[in-house]
Amino acid sequence: MVITEKYGFPNNKRLEIYKSKAYFIFVHSPSQFFPEVKALILKEYNQGRISEYKKEYIFWHINGRKGIPPMSVENGKAIWSKR
């Protein structure tokens with residue numbers, strides 16, 4: 001988290017690649033860090049450095065992995081299954 005706080009989220013544009021799974025670092029974070037991760041991800045989302053899909057996927061984890069995780073559609077938007 002310290003690196004992300006200092007440099008911003010390692011998004012695809014900054015990494016100069018088409019796809020990146022860097023957000024999985026936060027998807028597997030232990031519960032003791034959830035408040036910090038949530039605040040950091042909201043900040044990064046508001047700054048435009050993380051997509052809606054990645055934000056929602058991380059929050060799905062933080063909120064207890066209830067239901068099916070979100071899916072990504074074009075432009076990084078998130079959609080939720082109605083199952």
# chains A, B, ... in the order shown; residues from 1 in each chain; ligands from 1
call {"tool": "select_by_dssp", "arguments": {"residues": "chain A", "states": "strand (DSSP E)", "output": "PyMOL selection string"}}
result
chain A and resi 71-72+78-79
call {"tool": "residues_around", "arguments": {"residues": "His28 in chain A", "least_positions_apart": "4", "cutoff": "10 Å", "atoms": "only C-alpha atoms", "output": "number ranges by chain"}}
result
A: 23-24, 58, 61-62
call {"tool": "residues_around", "arguments": {"residues": "Thr4 in chain A", "least_positions_apart": "3", "cutoff": "10 Å", "atoms": "only C-alpha atoms", "output": "list of chain:residue names"}}
result
A:Met1, A:Tyr7, A:Gly8, A:Phe9, A:Pro10, A:Leu40, A:Ile41, A:Glu44
call {"tool": "write_last_selection", "arguments": {"atoms": "N, CA and C atoms", "output": "compact mmCIF listing (two decimals), in the first residue's frame"}}
result
# COMPACT_ATOMS: atom_id res chain seq x y z
N MET A 1 0.82 -1.19 0.00
CA MET A 1 0.00 0.00 0.00
C MET A 1 0.86 1.25 0.00
N TYR A 7 3.06 6.46 -5.36
CA TYR A 7 3.14 6.60 -6.81
C TYR A 7 1.80 6.50 -7.53
N GLY A 8 0.75 6.11 -6.84
CA GLY A 8 -0.54 5.89 -7.48
C GLY A 8 -0.68 4.45 -7.93
N PHE A 9 -1.91 4.06 -8.24
CA PHE A 9 -2.18 2.69 -8.64
C PHE A 9 -1.45 2.34 -9.93
N PRO A 10 -0.84 1.16 -10.01
CA PRO A 10 -0.11 0.76 -11.23
C PRO A 10 -1.06 0.36 -12.36
N LEU A 40 -7.83 3.79 0.23
CA LEU A 40 -6.84 3.96 -0.84
C LEU A 40 -7.46 3.72 -2.21
N ILE A 41 -8.27 2.67 -2.34
CA ILE A 41 -8.88 2.36 -3.64
C ILE A 41 -9.89 3.44 -4.03
N GLU A 44 -7.84 6.30 -5.35
CA GLU A 44 -7.29 6.00 -6.67
C GLU A 44 -8.38 6.01 -7.75
call {"tool": "closest_residue", "arguments": {"among": "A:Phe59, A:Arg49, A:Phe34, A:Lys54", "to": "Met71 in chain A", "atoms": "only C-alpha atoms"}}
result
A:Lys54
call {"tool": "residues_around", "arguments": {"residues": "Ala78 in chain A", "least_positions_apart": "3", "cutoff": "6 Å", "atoms": "only C-alpha atoms", "output": "ChimeraX atom specification"}}
result
/A:52-53,70-72
call {"tool": "atom_distance", "arguments": {"atom1": "CA of Val73 in chain A", "atom2": "CA of Lys19 in chain A"}}
result
13.5 Å
call {"tool": "closest_residue", "arguments": {"among": "A:Lys55, A:Pro69, A:Lys6, A:Gly64", "to": "Phe26 in chain A", "atoms": "only C-alpha atoms"}}
result
A:Lys55
call {"tool": "atom_distance", "arguments": {"atom1": "CA of Lys38 in chain A", "atom2": "CA of Asn63 in chain A"}}
result
10.1 Å
call {"tool": "atom_distance", "arguments": {"atom1": "CA of Asn75 in chain A", "atom2": "CA of Ile3 in chain A"}}
result
25.4 Å
